[in-house]
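Chemist: Following this message is one structure expressed as structure tokens.
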Amino acid sequence: MQWTGVRFSDVVEAFASDQSDWEYVAMRTPDDRYYVGVDRYTMLHPQTMLAWQLNGEPLTSEHGGPIRLVTPLKYGIKQLKRIAAIEFTNTRPDDYWAERGYDFHSGF
Amino acid sequence: MSSLTGLWRSTRPTAAELSRARRRLHAKAAFITVIVALSYWSTVISDWNITIRIGSAAALAIGLIAVATSIMHDANHGAFSRHRWLNRLVSYVADILGTSSWLWRFKQLRLDDQRLPTNRRRRADDKARPMTDDDKTPESSKERERRLRALTDNGDTISHEEYTRRSRRSFLAFGALGIGGYLGFRNLQNRPTDDTIPDVIRSGLEWNERVWETVQRDGARSRTFDTADIEDLRVNGRIGLDDEVAQDADATWEIDLTGIGEPRSGRCRSIRSKASRCTTWCGSTNASKAGATSCSGPACGSPT
């Protein structure tokens with residue numbers, strides 16, 4: 001796949017430069033039905049991005065359009081589609097699959 | 001008595017009958033192979049609907065049983081071909097199916113052999129050969145020893161007591177493993193839970209996480225691939241995507257940003273235009289596809 005978007009670290013720089021001591025990022029879909037928490041290392045990794053294109057085409061709704069998280073460091077369950085809210089926090093956020101017994105880390 | 005022997009001999013197949021029987025046997029083997037191949041393809045590879053594939057799975061099970069009871073059985077008995085090497089080669093499908101062709105021959109030919117009257121013994125491993133006068137001559141114990149050794153790849157012979165001892169040991173070990181597995185599983189089920197799963201499984205997950213944290217380092221990059229290797233992405237998770245999204249969501253989408261301190265809000269649109277560096281990244285779910293480490297594609301979407 002080829003993703004087009006913006007590095008999350010650049011988003012932090014442009015929109016949340018005053019945020020420095022956070023440990024996690026929490027993200028949610030507009031209906032709050034799916035939500036994930038991701039650690040700081042992953043979110044600031046240069047290959048972690050908010051994407052709006054897949055293979056050169058605008059992201060379809062089922063692939064998470066208009067904007068979604070993409071990172072090679074985590075399983076797909078962490079790469080939230082259709083992001084409506086982003087929160088910087090120091091406590092481990094609610095996480096849809098972690099609440100169901102899965103691994104919060106869910107990464108490589 | 002001699003008329004009885006004559007009657008017996010008259011029931012023996014002629015060479016022509018044997019040849020015809022073997023042709024039919026080979027046709028049967030080919031038929032079974034086709035059934036297995038087709039049902040495997042339909043079950044595992046095709047994207048036909050689930051009803052057809054459940055039927056295929058049943059056909060596959062029956063086909064594999066037929067492989068064991070026909071092709072393997074014929075070959076181990078030396079009936080598949082008149083060439084010993086070909087029988088041996090085909091008998092290895094037993095090993096592919098997860099058992100042992102050597103053990104099968106040992107059990108079926110060597111042990112069963114001892115239950116047959118002496119002058120009929122050679123038929124057990126050579127049923128497809130026409131009966132000759134030679135077959136009626138009782139074989140000497142030396143001949144028999146040589147023949148049995150040849151059947152089992154010149155394997156060591158063991159005493160009956162040793163055979164019994166090994167069987168008992170294997171049986172007890174198998175039983176102990178079964179009981180151990182059951183008790184272990186019961187223990188796991190009854191352990192205290194940590195975050196909804198048994199504590200030992202949770203600590204396994206946490207150990208895994210600690211291992212990965214040790215390899216985190218600045219500058220580490222995941223492998224990238226050439227754009228020529230781009231593949232379509234299968235849609236997987238759909239939770240949270242039920243509501244319709246407006247056509248122009250791309251331009252009007254807003255993301256609520258909540259920080260430690262002041263709440264703020266940003267727009268997807270402005271995220272695009274304000275991003276200081278636009279970037280593309282190519283990943284692939286197919287790790288076997290080697291590609292260049294650079295990823296060049298169309299430029300990032302320009303702000304709308």
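Here's how to read the names in the structure tokens: chain A, B, ... by the order shown, residue numbers from 1 in each chain, ligand numbers from 1 in the order shown.
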Give as a list in words every residue of chain A that touches chain B within 6 Å, counting only C-alpha atoms.
Modeler: Met1, Gln2, Trp3, Thr4, Val6, Thr29, Arg33, Tyr34, Pro66, Ala84, Ala85, Ile86, Glu87, Phe88 and Gly101 of chain A
Chemist: Determine which residues of stretch 137-250 of chain B DSSP labels as strand (DSSP E or B) from the backbone of this structure, then write them out as a PyMOL selection string.
Modeler: chain B and resi 193-194+197-198
Chemist: Can you tell me how far atom CA of B:Val36 sits from atom CA of B:Asn49, in Å to one decimal?
Modeler: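 Computing the Euclidean distance for atom CA of B:Val36 and atom CA of B:Asn49 yields 18.9 Å.
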Chemist: Got a sec to tell me which of chain A DSSP assigns to helix (DSSP H, G or I), as JSON, numbers by chain?
Modeler: {"A": [8, 9, 10, 11, 12, 13, 14, 15, 40, 41, 42, 43, 44, 61, 62, 63, 76, 77, 78, 98, 99, 100]}
Chemist: What does the file look like for those residues with N, CA and C atoms, as a compact mmCIF listing (two decimals), in the first residue's frame?
Modeler:
```txt
# COMPACT_ATOMS: atom_id res chain seq x y z
N PHE A 8 2.43 12.42 12.05
CA PHE A 8 1.75 12.88 13.26
C PHE A 8 2.64 13.85 14.04
N SER A 9 3.95 13.61 13.97
CA SER A 9 4.85 14.52 14.70
C SER A 9 4.74 15.95 14.16
N ASP A 10 4.48 16.07 12.84
CA ASP A 10 4.30 17.40 12.26
C ASP A 10 2.97 18.02 12.72
N VAL A 11 1.96 17.18 12.89
CA VAL A 11 0.68 17.67 13.38
C VAL A 11 0.86 18.22 14.80
N VAL A 12 1.61 17.49 15.60
CA VAL A 12 1.87 17.94 16.97
C VAL A 12 2.58 19.30 16.94
N GLU A 13 3.56 19.40 16.04
CA GLU A 13 4.33 20.63 15.94
C GLU A 13 3.43 21.81 15.55
N ALA A 14 2.51 21.55 14.59
CA ALA A 14 1.69 22.64 14.07
C ALA A 14 0.52 22.99 14.97
N PHE A 15 -0.04 22.01 15.64
CA PHE A 15 -1.28 22.25 16.37
C PHE A 15 -1.16 22.11 17.88
N ARG A 40 3.55 7.07 23.08
CA ARG A 40 4.25 8.22 22.53
C ARG A 40 5.28 7.84 21.47
N TYR A 41 6.07 6.79 21.74
CA TYR A 41 7.12 6.39 20.79
C TYR A 41 6.52 6.12 19.41
N THR A 42 5.40 5.37 19.41
CA THR A 42 4.77 5.03 18.14
C THR A 42 4.22 6.27 17.45
N MET A 43 3.56 7.15 18.23
CA MET A 43 2.91 8.31 17.62
C MET A 43 3.92 9.29 17.03
N LEU A 44 5.10 9.38 17.65
CA LEU A 44 6.09 10.34 17.14
C LEU A 44 7.05 9.70 16.14
N SER A 61 -14.59 5.58 2.51
CA SER A 61 -15.18 5.58 3.86
C SER A 61 -14.80 4.30 4.61
N GLU A 62 -14.85 3.15 3.94
CA GLU A 62 -14.58 1.90 4.66
C GLU A 62 -13.09 1.72 4.95
N HIS A 63 -12.23 2.46 4.26
CA HIS A 63 -10.81 2.43 4.60
C HIS A 63 -10.46 3.51 5.62
N GLY A 76 -3.37 -3.53 12.74
CA GLY A 76 -4.46 -2.74 12.17
C GLY A 76 -5.47 -2.27 13.21
N ILE A 77 -5.67 -3.06 14.27
CA ILE A 77 -6.68 -2.68 15.29
C ILE A 77 -6.35 -1.36 15.97
N LYS A 78 -5.09 -0.92 15.89
CA LYS A 78 -4.69 0.33 16.53
C LYS A 78 -4.76 1.51 15.56
N ALA A 98 -8.32 -3.70 24.01
CA ALA A 98 -7.69 -3.98 25.31
C ALA A 98 -8.77 -4.26 26.35
N GLU A 99 -9.93 -3.55 26.23
CA GLU A 99 -11.03 -3.81 27.16
C GLU A 99 -11.61 -5.20 26.99
N ARG A 100 -11.34 -5.80 25.84
CA ARG A 100 -11.86 -7.15 25.56
C ARG A 100 -10.79 -8.22 25.76
```
Chemist: With only C-alpha atoms as the atoms that count, which of A:Arg7, A:Asp103, A:Asp32, A:Lys81 lies nearest to A:His45?
Modeler: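 Under the stated criterion, the closest residue is A:Arg7.
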